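Text of entry_13.tsv, listed as TSV, C-alpha atoms and all ligand atoms:
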chain	number	residue	atom	x	y	z
A	1	MET	CA	-3.71	17.58	-9.24
A	2	LYS	CA	-0.54	17.23	-7.19
A	3	HIS	CA	0.48	19.70	-4.52
A	4	THR	CA	3.74	20.30	-2.73
A	5	GLU	CA	3.03	21.32	0.83
A	6	LEU	CA	5.13	21.98	3.89
A	7	CYS	CA	3.13	19.91	6.31
A	8	LYS	CA	3.25	19.98	10.08
A	9	LEU	CA	3.79	16.58	11.71
A	10	ILE	CA	1.02	16.34	14.28
A	11	LEU	CA	1.16	12.68	15.41
A	12	LYS	CA	4.12	10.30	15.55
A	13	THR	CA	4.10	6.79	16.99
A	14	GLU	CA	6.51	3.88	16.61
A	15	ILE	CA	3.94	1.08	16.22
A	16	ALA	CA	6.52	-1.72	15.92
A	17	ASP	CA	10.29	-1.74	16.00
A	18	GLY	CA	11.34	0.61	13.17
A	19	ILE	CA	7.79	1.16	11.87
A	20	PHE	CA	6.57	4.74	12.25
A	21	ASP	CA	3.01	6.01	12.05
A	22	PHE	CA	2.92	9.70	11.04
A	23	THR	CA	-0.05	12.05	10.65
A	24	ILE	CA	0.50	15.40	8.93
A	25	ASP	CA	-1.66	18.44	8.49
A	26	ALA	CA	-2.08	18.51	4.70
A	27	PRO	CA	-5.45	20.01	3.71
A	28	LYS	CA	-4.83	20.30	-0.04
A	29	ILE	CA	-3.52	16.75	-0.38
A	30	ALA	CA	-6.27	15.37	1.88
A	31	ALA	CA	-8.95	17.07	-0.21
A	32	GLU	CA	-7.94	15.14	-3.33
A	33	ALA	CA	-6.39	11.89	-2.08
A	34	GLN	CA	-7.83	8.62	-3.35
A	35	CYS	CA	-7.29	5.10	-2.02
A	36	GLY	CA	-3.98	3.64	-3.19
A	37	GLN	CA	-2.32	6.94	-4.07
A	38	PHE	CA	1.02	7.87	-2.56
A	39	LEU	CA	3.08	10.79	-1.26
A	40	HIS	CA	6.57	11.70	-2.43
A	41	ILE	CA	8.38	12.85	0.67
A	42	ASP	CA	11.51	14.92	1.11
A	43	CYS	CA	13.13	13.01	3.99
A	44	GLY	CA	15.66	15.80	4.66
A	45	GLY	CA	19.31	15.69	3.66
A	46	ALA	CA	20.52	15.09	0.13
A	47	PHE	CA	18.14	12.28	-0.78
A	48	LEU	CA	15.67	11.97	-3.60
A	49	ARG	CA	12.12	12.06	-2.34
A	50	ARG	CA	10.84	8.68	-1.12
A	51	PRO	CA	7.39	7.28	-2.07
A	52	ILE	CA	5.12	6.34	0.85
A	53	SER	CA	1.48	5.32	0.49
A	54	ILE	CA	-1.42	7.24	1.92
A	55	CYS	CA	-2.81	5.09	4.74
A	56	ASP	CA	-5.71	7.26	5.83
A	57	VAL	CA	-7.23	10.69	5.28
A	58	TYR	CA	-9.52	12.62	7.61
A	59	ASP	CA	-10.29	16.26	8.48
A	60	GLY	CA	-7.55	17.72	6.29
A	61	LYS	CA	-5.00	15.30	7.72
A	62	VAL	CA	-3.04	12.57	5.98
A	63	ARG	CA	-1.66	9.52	7.74
A	64	PHE	CA	1.21	7.42	6.41
A	65	ILE	CA	3.14	4.54	7.95
A	66	PHE	CA	6.64	3.51	6.95
A	67	GLU	CA	9.32	1.02	7.84
A	68	VAL	CA	12.89	2.23	8.21
A	69	LYS	CA	14.80	0.54	5.39
A	70	GLY	CA	17.76	2.75	4.48
A	71	GLU	CA	19.08	6.29	4.82
A	72	GLY	CA	15.95	8.06	3.52
A	73	THR	CA	13.43	6.46	5.84
A	74	LYS	CA	15.96	6.64	8.71
A	75	ALA	CA	16.13	10.42	8.24
A	76	LEU	CA	12.33	10.65	7.94
A	77	ALA	CA	11.92	8.81	11.26
A	78	LYS	CA	13.90	11.59	12.99
A	79	TYR	CA	11.18	14.20	12.41
A	80	GLU	CA	9.34	15.14	15.59
A	81	VAL	CA	5.84	16.44	16.22
A	82	GLY	CA	5.72	20.12	15.25
A	83	ASP	CA	8.37	19.79	12.50
A	84	LEU	CA	7.51	20.67	8.91
A	85	ILE	CA	7.86	17.96	6.23
A	86	ASP	CA	8.02	18.74	2.50
A	87	VAL	CA	5.42	16.47	0.91
A	88	MET	CA	4.30	16.14	-2.72
A	89	GLY	CA	1.00	14.45	-3.50
A	90	PRO	CA	-1.39	12.88	-3.98
A	91	LEU	CA	0.41	10.97	-6.74
A	92	GLY	CA	-0.35	8.00	-8.94
A	93	HIS	CA	-3.36	6.05	-10.06
A	94	GLY	CA	-5.01	4.37	-7.07
A	95	PHE	CA	-7.54	1.57	-6.58
A	96	GLU	CA	-10.76	1.68	-8.58
A	97	ILE	CA	-13.87	1.11	-6.48
A	98	ASP	CA	-16.55	-0.45	-8.65
A	99	GLY	CA	-20.01	-0.12	-7.11
A	100	SER	CA	-21.21	-3.31	-8.82
A	101	VAL	CA	-18.68	-5.47	-6.92
A	102	LYS	CA	-20.50	-7.54	-4.27
A	103	ASN	CA	-17.79	-9.64	-2.59
A	104	PRO	CA	-14.38	-7.95	-2.55
A	105	ILE	CA	-11.43	-9.19	-0.57
A	106	ILE	CA	-8.17	-7.50	0.38
A	107	ILE	CA	-4.81	-9.28	0.59
A	108	GLY	CA	-1.90	-7.32	2.07
A	109	GLY	CA	1.61	-8.25	3.05
A	110	GLY	CA	4.18	-6.39	5.17
A	111	ILE	CA	4.43	-2.69	4.37
A	112	GLY	CA	1.83	-3.35	1.66
A	113	VAL	CA	-0.96	-3.37	4.26
A	114	PHE	CA	-0.78	0.40	4.79
A	115	PRO	CA	-2.44	1.65	1.57
A	116	LEU	CA	-5.17	-0.98	2.03
A	117	TYR	CA	-6.55	0.51	5.25
A	118	ASN	CA	-8.23	3.51	3.63
A	119	LEU	CA	-9.54	1.15	0.96
A	120	ALA	CA	-11.05	-1.20	3.59
A	121	LYS	CA	-12.76	1.81	5.17
A	122	LYS	CA	-14.27	2.83	1.83
A	123	LEU	CA	-15.33	-0.70	0.80
A	124	LYS	CA	-17.03	-1.39	4.14
A	125	ASN	CA	-18.16	-5.03	3.61
A	126	VAL	CA	-14.82	-6.63	2.90
A	127	ASP	CA	-12.88	-9.66	4.14
A	128	VAL	CA	-9.22	-8.91	4.75
A	129	PHE	CA	-6.07	-11.07	4.75
A	130	LEU	CA	-2.93	-9.57	6.25
A	131	GLY	CA	0.44	-11.31	6.21
A	132	PHE	CA	3.59	-10.48	8.17
A	133	ARG	CA	7.00	-12.08	8.67
A	134	ASN	CA	6.42	-12.83	12.36
A	135	LYS	CA	4.42	-11.79	15.43
A	136	ASP	CA	6.61	-8.75	16.13
A	137	ARG	CA	5.80	-7.27	12.71
A	138	VAL	CA	2.00	-7.59	13.04
A	139	VAL	CA	0.43	-4.11	12.89
A	140	MET	CA	-3.03	-2.56	12.36
A	141	GLU	CA	-4.94	-5.78	13.07
A	142	LYS	CA	-7.48	-4.09	15.36
A	143	GLU	CA	-7.88	-1.12	13.03
A	144	PHE	CA	-8.68	-3.37	10.08
A	145	GLU	CA	-11.09	-5.37	12.28
A	146	ASP	CA	-12.96	-2.16	13.08
A	147	VAL	CA	-13.65	-1.42	9.39
A	148	SER	CA	-13.97	-4.92	7.87
A	149	ASP	CA	-16.31	-7.91	8.05
A	150	MET	CA	-13.52	-10.37	8.84
A	151	VAL	CA	-9.75	-10.15	9.25
A	152	ILE	CA	-7.37	-13.10	8.98
A	153	VAL	CA	-3.81	-12.37	10.08
A	154	GLY	CA	-1.01	-14.76	9.22
A	155	THR	CA	2.70	-14.97	9.82
A	156	ASP	CA	5.29	-16.62	7.61
A	157	ASP	CA	6.91	-18.34	10.60
A	158	GLY	CA	3.64	-19.33	12.30
A	159	SER	CA	4.33	-17.25	15.42
A	160	TYR	CA	0.86	-15.60	15.22
A	161	GLY	CA	-2.42	-16.39	13.48
A	162	TYR	CA	-2.51	-18.42	10.29
A	163	SER	CA	0.79	-20.20	9.79
A	164	GLY	CA	2.28	-19.65	6.32
A	165	TYR	CA	1.98	-17.24	3.42
A	166	ILE	CA	-1.18	-15.16	3.52
A	167	ALA	CA	-1.96	-15.78	-0.17
A	168	ALA	CA	-2.35	-19.46	0.76
A	169	ALA	CA	-4.90	-18.54	3.45
A	170	ALA	CA	-6.82	-16.49	0.87
A	171	GLU	CA	-6.66	-19.40	-1.57
A	172	GLN	CA	-8.31	-21.72	1.00
A	173	TYR	CA	-11.00	-19.09	1.65
A	174	LEU	CA	-11.72	-18.78	-2.07
A	175	SER	CA	-12.55	-22.49	-2.24
A	176	PHE	CA	-15.61	-21.79	-0.07
A	177	HIS	CA	-16.54	-18.14	-0.69
A	178	ASP	CA	-17.68	-16.05	-3.65
A	179	CYS	CA	-15.37	-13.20	-4.60
A	180	ASP	CA	-15.60	-10.78	-7.52
A	181	MET	CA	-12.65	-8.46	-6.83
A	182	ILE	CA	-9.27	-8.86	-5.13
A	183	TYR	CA	-7.28	-5.83	-4.04
A	184	SER	CA	-3.67	-6.49	-3.09
A	185	CYS	CA	-0.40	-4.83	-2.13
A	186	GLY	CA	2.76	-6.42	-0.78
A	187	PRO	CA	6.04	-8.04	-1.71
A	188	MET	CA	6.52	-9.31	-5.27
A	189	PRO	CA	6.30	-13.07	-4.46
A	190	MET	CA	2.96	-12.44	-2.75
A	191	LEU	CA	1.66	-10.35	-5.66
A	192	LYS	CA	2.64	-13.12	-8.08
A	193	ALA	CA	0.75	-15.69	-5.99
A	194	VAL	CA	-2.29	-13.39	-5.79
A	195	LYS	CA	-2.24	-12.73	-9.54
A	196	LYS	CA	-2.10	-16.48	-10.18
A	197	LEU	CA	-4.95	-17.38	-7.86
A	198	ALA	CA	-7.11	-14.54	-9.25
A	199	GLU	CA	-6.48	-15.49	-12.86
A	200	GLU	CA	-7.04	-19.22	-12.25
A	201	ARG	CA	-10.45	-18.40	-10.78
A	202	GLY	CA	-11.38	-15.63	-13.23
A	203	ILE	CA	-11.58	-13.04	-10.43
A	204	ARG	CA	-10.77	-9.42	-11.30
A	205	CYS	CA	-7.75	-8.25	-9.33
A	206	GLN	CA	-6.07	-4.90	-8.68
A	207	LEU	CA	-2.42	-4.99	-7.60
A	208	SER	CA	-0.44	-2.09	-6.15
A	209	LEU	CA	3.23	-2.33	-7.12
A	210	GLU	CA	5.63	-0.67	-4.69
A	211	GLN	CA	8.55	-0.55	-7.10
A	212	ARG	CA	11.76	1.38	-6.46
A	213	MET	CA	11.10	4.87	-7.69
A	214	GLY	CA	13.01	7.97	-8.76
A	215	CYS	CA	11.20	11.18	-9.64
A	216	GLY	CA	7.65	10.00	-8.83
A	217	ILE	CA	6.11	12.11	-11.60
A	218	GLY	CA	6.79	10.09	-14.75
A	219	ALA	CA	9.99	11.73	-15.95
A	220	CYS	CA	12.84	9.34	-15.07
A	221	LEU	CA	11.60	5.78	-15.93
A	222	VAL	CA	13.31	4.22	-12.85
A	223	CYS	CA	10.01	2.59	-11.85
A	224	SER	CA	9.09	1.11	-15.25
A	225	CYS	CA	7.24	-2.21	-15.12
A	226	GLU	CA	6.53	-4.67	-17.92
A	227	THR	CA	2.97	-4.78	-19.21
A	228	THR	CA	1.17	-7.47	-21.18
A	229	LYS	CA	0.89	-5.10	-24.16
A	230	SER	CA	3.37	-4.77	-27.00
A	231	GLY	CA	5.20	-2.02	-28.87
A	232	SER	CA	5.36	1.39	-27.22
A	233	ASP	CA	2.96	0.21	-24.49
A	234	LYS	CA	5.27	-2.66	-23.42
A	235	TYR	CA	6.39	-0.73	-20.34
A	236	ALA	CA	4.39	1.42	-17.92
A	237	ARG	CA	5.51	3.82	-15.22
A	238	VAL	CA	4.50	2.68	-11.76
A	239	CYS	CA	4.51	6.29	-10.51
A	240	THR	CA	1.99	7.67	-13.00
A	241	ASN	CA	0.26	4.72	-14.73
A	242	GLY	CA	0.20	2.91	-11.35
A	243	PRO	CA	1.01	2.05	-8.63
A	244	VAL	CA	-2.30	0.17	-9.02
A	245	PHE	CA	-2.83	-2.01	-12.11
A	246	TYR	CA	-5.33	-4.73	-13.00
A	247	SER	CA	-3.50	-8.07	-12.78
A	248	GLU	CA	-4.00	-8.80	-16.48
A	249	GLU	CA	-2.23	-5.55	-17.40
A	250	VAL	CA	1.17	-6.38	-15.90
A	251	THR	CA	3.85	-9.04	-16.09
A	252	LEU	CA	5.37	-9.34	-12.63
A	253	ASN	CA	9.15	-9.68	-12.63
A	254	ASP	CA	11.49	-9.93	-9.61
B	301	LIG	C1	4.18	3.62	-4.53
B	301	LIG	C2	5.00	3.21	-3.33
B	301	LIG	C3	4.42	3.24	-2.08
B	301	LIG	C4	5.16	2.85	-0.96
B	301	LIG	N1	4.55	2.88	0.25
B	301	LIG	C5	5.23	2.54	1.35
B	301	LIG	C6	4.60	2.61	2.63
B	301	LIG	O1	3.43	2.96	2.78
B	301	LIG	N2	5.34	2.27	3.71
B	301	LIG	C7	6.65	1.84	3.59
B	301	LIG	O2	7.28	1.51	4.59
B	301	LIG	N3	7.28	1.78	2.39
B	301	LIG	C8	6.60	2.13	1.27
B	301	LIG	N4	7.21	2.07	0.06
B	301	LIG	C9	8.63	1.66	0.00
B	301	LIG	C10	9.52	2.84	0.36
B	301	LIG	O3	9.37	3.83	-0.64
B	301	LIG	C11	11.00	2.40	0.42
B	301	LIG	O4	11.14	1.51	1.50
B	301	LIG	C12	11.88	3.61	0.66
B	301	LIG	O5	11.87	4.42	-0.49
B	301	LIG	C13	13.31	3.16	0.96
B	301	LIG	O6	14.09	4.33	1.04
B	301	LIG	P1	15.40	4.38	1.96
B	301	LIG	O7	16.18	5.57	1.58
B	301	LIG	O8	15.03	4.25	3.39
B	301	LIG	O9	16.15	3.05	1.57
B	301	LIG	P2	17.15	2.80	0.38
B	301	LIG	O10	18.52	3.11	0.86
B	301	LIG	O11	16.66	3.48	-0.87
B	301	LIG	O12	16.96	1.26	0.26
B	301	LIG	C14	17.19	0.42	1.41
B	301	LIG	C15	16.72	-0.98	1.12
B	301	LIG	O13	15.31	-0.97	0.82
B	301	LIG	C16	15.11	-1.53	-0.47
B	301	LIG	N5	14.01	-0.78	-1.12
B	301	LIG	C17	14.05	0.48	-1.59
B	301	LIG	N6	12.87	0.82	-2.17
B	301	LIG	C18	12.10	-0.28	-2.06
B	301	LIG	C19	10.76	-0.57	-2.47
B	301	LIG	N7	10.00	0.28	-3.15
B	301	LIG	N8	10.27	-1.80	-2.17
B	301	LIG	C20	11.03	-2.70	-1.51
B	301	LIG	N9	12.30	-2.49	-1.10
B	301	LIG	C21	12.81	-1.28	-1.37
B	301	LIG	C22	16.40	-1.37	-1.21
B	301	LIG	O14	16.54	-2.34	-2.22
B	301	LIG	C23	17.41	-1.57	-0.12
B	301	LIG	O15	17.61	-2.93	0.15
B	301	LIG	C24	6.52	2.43	-1.10
B	301	LIG	C25	7.09	2.41	-2.35
B	301	LIG	C26	6.34	2.78	-3.46
B	301	LIG	C27	6.96	2.78	-4.82

Represent the structure of the file as C-alpha cells.
Amino acid sequence: MKHTELCKLILKTEIADGIFDFTIDAPKIAAEAQCGQFLHIDCGGAFLRRPISICDVYDGKVRFIFEVKGEGTKALAKYEVGDLIDVMGPLGHGFEIDGSVKNPIIIGGGIGVFPLYNLAKKLKNVDVFLGFRNKDRVVMEKEFEDVSDMVIVGTDDGSYGYSGYIAAAAEQYLSFHDCDMIYSCGPMPMLKAVKKLAEERGIRCQLSLEQRMGCGIGACLVCSCETTKSGSDKYARVCTNGPVFYSEEVTLND
C-alpha cells in the first residue's frame, strides 16, 4: 500500500559533488518498503513528483540518494535538516529475493547503485560490481564492502579500480565463478550488456529500469517500456509493473 507522508529530513550529506544523501523520518513507508521500490517526491515548486529509489530502511527511517540533474533535483537538494518533504511511497515492484539462489551477484552503475545497497544487505553473501564514470563519482564503496562478500569498483576512464565498463568486469568474473542470479540497475547501455551476458550464460537476471516517469502510479503511461510479449501485454509500465523486471520480460530500447 502506498502512503503520502510529510516527512522530516533528519540527515543530509553531499557525498560527492552534486550527489545528496538524505534520510527522512517515514515510519509508514519504512514499515512496508521492499528492496528496489522507489519514492515519488514532491521537490517543491511547480514540478511533477520525481522518482528516487529507496537506498536503505531502518528504525522507521528511509534513506535515499540522488544526483542533481535538472530543476526538480536541484530544488530537492535545497531542503535542509528539519524541513518537511512530501513523499509518496513505497511504489513499484521491487527485486524478488529467491531463497533457493546460492550465488547471486549485483551489478550497479552510476545512480543505479543506490537501490542495490538495501538489496546487498538483505542478500548477505553477494559479490558486487559497481561502475562509475570516474574517481570523483565513486560513492558507497565502503558501505557495500561492509555488507557484501566482495566488491569490485570500476571507472569508465580508469581513474580508480577496474578500468573500463563494469559489465565487462562482471563478464570476466563469470568465466571463473558460478552465479545463479544477477541483480542490476544502471544506465541503459549497461543494462543491455548485463542482459546479454546473463542470457548468453542462462543466468536469471533482474533489471531495474530507471525510466523517465510521470505520475508514478500507473495512470499516465510516460514510463512505458516494451516487453517481449505481444498484443495488449506488449508494453508495461515501469512505475507499477516495474521498475524491476526479469531480463527475459523486457526489450531494452534507448
Ligand atoms: C524508478 C526510478 C528510480 C530512480 N532512482 C534514482 C535514485 O535513486 N537516485 C537518482 O539520482 N536518480 C534516480 N532516478 C532518476 C531521477 O528520477 C531523475 O534524475 C530525476 O527525475 C530528474 O529530475 P530533474 O527535474 O532534476 O531533471 P529533469 O529536468 O527532469 O531532467 C534533467 C536531465 O536528466 C535526464 N533524466 C530525467 N529523468 C531521468 C531518468 N529517469 N534517468 C536518466 N536521466 C533522466 C533528462 O533527460 C535531462 O537530461 C530514478 C528514476 C526512476 C524512474

Can you work out which one of A:Leu191, A:Leu91, A:Cys35, A:Ile65 has the shortest atom-to-atom distance to ligand LIG 301 (chain B), counting only C-alpha atoms and all ligand atoms? A:Ile65

Residues near A:Asn253, anyone? I mean within 10 Å using all atoms listed in the file, not counting same-chain ones fewer than 5 positions away, as a short mmCIF file (atom, residue, chain, number, x, y, z; two decimals) with C-alpha atoms, in the coordinates of the input.
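Written output follows (selection.cif):
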data_model
loop_
_atom_site.label_atom_id
_atom_site.label_comp_id
_atom_site.auth_asym_id
_atom_site.auth_seq_id
_atom_site.Cartn_x
_atom_site.Cartn_y
_atom_site.Cartn_z
CA MET A 188 6.52 -9.31 -5.27
CA PRO A 189 6.30 -13.07 -4.46
CA LYS A 192 2.64 -13.12 -8.08
CA CYS A 225 7.24 -2.21 -15.12
CA GLU A 226 6.53 -4.67 -17.92
#

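Distance annotation: of A:Asp254, A:Asp42, A:Glu67, A:Glu96, the residue with the minimal separation from A:Gly242 is A:Glu96; atom set is all atoms listed in the file.
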
All residues having an atom within 8 Å of ligand LIG 301 (chain B) (all atoms listed in the file) as a PyMOL selection string: chain A and resi 19+37-39+47+49-55+64-75+92+111-115+187+208-213+223+238-239+242-243

Take the residues just selected and output them with C-alpha atoms as an mmCIF file, keeping the file's coordinate frame.
data_model
loop_
_atom_site.group_PDB
_atom_site.id
_atom_site.type_symbol
_atom_site.label_atom_id
_atom_site.label_comp_id
_atom_site.auth_asym_id
_atom_site.auth_seq_id
_atom_site.Cartn_x
_atom_site.Cartn_y
_atom_site.Cartn_z
ATOM 1 C CA ILE A 19 7.790 1.160 11.870
ATOM 2 C CA GLN A 37 -2.320 6.940 -4.070
ATOM 3 C CA PHE A 38 1.020 7.870 -2.560
ATOM 4 C CA LEU A 39 3.080 10.790 -1.260
ATOM 5 C CA PHE A 47 18.140 12.280 -0.780
ATOM 6 C CA ARG A 49 12.120 12.060 -2.340
ATOM 7 C CA ARG A 50 10.840 8.680 -1.120
ATOM 8 C CA PRO A 51 7.390 7.280 -2.070
ATOM 9 C CA ILE A 52 5.120 6.340 0.850
ATOM 10 C CA SER A 53 1.480 5.320 0.490
ATOM 11 C CA ILE A 54 -1.420 7.240 1.920
ATOM 12 C CA CYS A 55 -2.810 5.090 4.740
ATOM 13 C CA PHE A 64 1.210 7.420 6.410
ATOM 14 C CA ILE A 65 3.140 4.540 7.950
ATOM 15 C CA PHE A 66 6.640 3.510 6.950
ATOM 16 C CA GLU A 67 9.320 1.020 7.840
ATOM 17 C CA VAL A 68 12.890 2.230 8.210
ATOM 18 C CA LYS A 69 14.800 0.540 5.390
ATOM 19 C CA GLY A 70 17.760 2.750 4.480
ATOM 20 C CA GLU A 71 19.080 6.290 4.820
ATOM 21 C CA GLY A 72 15.950 8.060 3.520
ATOM 22 C CA THR A 73 13.430 6.460 5.840
ATOM 23 C CA LYS A 74 15.960 6.640 8.710
ATOM 24 C CA ALA A 75 16.130 10.420 8.240
ATOM 25 C CA GLY A 92 -0.350 8.000 -8.940
ATOM 26 C CA ILE A 111 4.430 -2.690 4.370
ATOM 27 C CA GLY A 112 1.830 -3.350 1.660
ATOM 28 C CA VAL A 113 -0.960 -3.370 4.260
ATOM 29 C CA PHE A 114 -0.780 0.400 4.790
ATOM 30 C CA PRO A 115 -2.440 1.650 1.570
ATOM 31 C CA PRO A 187 6.040 -8.040 -1.710
ATOM 32 C CA SER A 208 -0.440 -2.090 -6.150
ATOM 33 C CA LEU A 209 3.230 -2.330 -7.120
ATOM 34 C CA GLU A 210 5.630 -0.670 -4.690
ATOM 35 C CA GLN A 211 8.550 -0.550 -7.100
ATOM 36 C CA ARG A 212 11.760 1.380 -6.460
ATOM 37 C CA MET A 213 11.100 4.870 -7.690
ATOM 38 C CA CYS A 223 10.010 2.590 -11.850
ATOM 39 C CA VAL A 238 4.500 2.680 -11.760
ATOM 40 C CA CYS A 239 4.510 6.290 -10.510
ATOM 41 C CA GLY A 242 0.200 2.910 -11.350
ATOM 42 C CA PRO A 243 1.010 2.050 -8.630
#

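Among A:Val250, A:Met190, A:Ile10, A:Leu197, the residue with the shortest atom-to-atom distance to A:Gln172, counting only C-alpha atoms, is A:Leu197.
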
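One finds atom CA of A:Ala30 at 7.8 Å from atom CA of A:Asp59.
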
Give me the residues within 9 Å of A:Val151 as a VMD selection string, counting only C-alpha atoms and dropping any in the same chain fewer than 5 places off. chain A and resid 126 to 130 141 to 142 144 to 145

Length of the atom CA of A:Asp157 to atom CA of A:Ala16 vector [Å]: 17.5 Å

Can you list, as a short mmCIF file (atom, residue, chain, number, x, y, z; two decimals) with C-alpha atoms, in the frame of the given file, every protein, DNA or RNA residue that comes within 9 Å of A:Glu5 when you count all atoms listed in the file, leaving out same-chain residues fewer than 6 positions away?
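Final output, part.cif:
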data_model
loop_
_atom_site.label_atom_id
_atom_site.label_comp_id
_atom_site.auth_asym_id
_atom_site.auth_seq_id
_atom_site.Cartn_x
_atom_site.Cartn_y
_atom_site.Cartn_z
CA ALA A 26 -2.08 18.51 4.70
CA LYS A 28 -4.83 20.30 -0.04
CA ILE A 29 -3.52 16.75 -0.38
CA ILE A 85 7.86 17.96 6.23
CA ASP A 86 8.02 18.74 2.50
CA VAL A 87 5.42 16.47 0.91
CA MET A 88 4.30 16.14 -2.72
CA GLY A 89 1.00 14.45 -3.50
#

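The shortest atom-to-atom distance to A:Phe20, with only C-alpha atoms taken into account, belongs to A:Val139 out of A:Asn118, A:Gly109, A:Val139, A:Lys124.
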
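With all atoms listed in the file as the basis for measurement, A:Ala120 is the residue among A:Ala120, A:Cys43, A:Gly216, A:Phe245 that approaches A:Glu143 most closely.
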
Since the input lacks atoms, please generate N, CA and C atoms for stretch 129-144 of chain A and provide them as a PDB file, in the coordinates of the input.
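As a result, result.pdb now contains:
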ATOM      1  N   PHE A 129      -7.167 -10.144   4.431  1.00  0.00           N
ATOM      2  CA  PHE A 129      -6.070 -11.070   4.750  1.00  0.00           C
ATOM      3  C   PHE A 129      -4.798 -10.251   4.866  1.00  0.00           C
ATOM      4  N   LEU A 130      -4.145 -10.354   6.024  1.00  0.00           N
ATOM      5  CA  LEU A 130      -2.930  -9.570   6.250  1.00  0.00           C
ATOM      6  C   LEU A 130      -1.791 -10.514   6.639  1.00  0.00           C
ATOM      7  N   GLY A 131      -0.685 -10.434   5.924  1.00  0.00           N
ATOM      8  CA  GLY A 131       0.440 -11.310   6.210  1.00  0.00           C
ATOM      9  C   GLY A 131       1.666 -10.537   6.665  1.00  0.00           C
ATOM     10  N   PHE A 132       2.377 -11.121   7.639  1.00  0.00           N
ATOM     11  CA  PHE A 132       3.590 -10.480   8.170  1.00  0.00           C
ATOM     12  C   PHE A 132       4.656 -11.554   8.365  1.00  0.00           C
ATOM     13  N   ARG A 133       5.910 -11.113   8.501  1.00  0.00           N
ATOM     14  CA  ARG A 133       7.000 -12.080   8.670  1.00  0.00           C
ATOM     15  C   ARG A 133       6.841 -12.867   9.957  1.00  0.00           C
ATOM     16  N   ASN A 134       6.578 -12.168  11.061  1.00  0.00           N
ATOM     17  CA  ASN A 134       6.420 -12.830  12.360  1.00  0.00           C
ATOM     18  C   ASN A 134       5.572 -11.962  13.278  1.00  0.00           C
ATOM     19  N   LYS A 135       5.316 -12.460  14.477  1.00  0.00           N
ATOM     20  CA  LYS A 135       4.420 -11.790  15.430  1.00  0.00           C
ATOM     21  C   LYS A 135       4.823 -10.342  15.711  1.00  0.00           C
ATOM     22  N   ASP A 136       6.133 -10.096  15.798  1.00  0.00           N
ATOM     23  CA  ASP A 136       6.610  -8.750  16.130  1.00  0.00           C
ATOM     24  C   ASP A 136       6.303  -7.726  15.039  1.00  0.00           C
ATOM     25  N   ARG A 137       6.052  -8.191  13.821  1.00  0.00           N
ATOM     26  CA  ARG A 137       5.800  -7.270  12.710  1.00  0.00           C
ATOM     27  C   ARG A 137       4.316  -7.051  12.466  1.00  0.00           C
ATOM     28  N   VAL A 138       3.445  -7.723  13.252  1.00  0.00           N
ATOM     29  CA  VAL A 138       2.000  -7.590  13.040  1.00  0.00           C
ATOM     30  C   VAL A 138       1.538  -6.193  13.485  1.00  0.00           C
ATOM     31  N   VAL A 139       0.925  -5.463  12.569  1.00  0.00           N
ATOM     32  CA  VAL A 139       0.430  -4.110  12.890  1.00  0.00           C
ATOM     33  C   VAL A 139      -0.967  -3.928  12.297  1.00  0.00           C
ATOM     34  N   MET A 140      -1.722  -3.013  12.863  1.00  0.00           N
ATOM     35  CA  MET A 140      -3.030  -2.560  12.360  1.00  0.00           C
ATOM     36  C   MET A 140      -4.126  -3.627  12.376  1.00  0.00           C
ATOM     37  N   GLU A 141      -3.925  -4.724  13.089  1.00  0.00           N
ATOM     38  CA  GLU A 141      -4.940  -5.780  13.070  1.00  0.00           C
ATOM     39  C   GLU A 141      -6.287  -5.256  13.587  1.00  0.00           C
ATOM     40  N   LYS A 142      -6.239  -4.594  14.747  1.00  0.00           N
ATOM     41  CA  LYS A 142      -7.480  -4.090  15.360  1.00  0.00           C
ATOM     42  C   LYS A 142      -8.130  -3.032  14.474  1.00  0.00           C
ATOM     43  N   GLU A 143      -7.309  -2.176  13.870  1.00  0.00           N
ATOM     44  CA  GLU A 143      -7.880  -1.120  13.030  1.00  0.00           C
ATOM     45  C   GLU A 143      -8.597  -1.703  11.817  1.00  0.00           C
ATOM     46  N   PHE A 144      -8.009  -2.719  11.205  1.00  0.00           N
ATOM     47  CA  PHE A 144      -8.680  -3.370  10.080  1.00  0.00           C
ATOM     48  C   PHE A 144      -9.954  -4.064  10.565  1.00  0.00           C
TER      49      PHE A 144
END
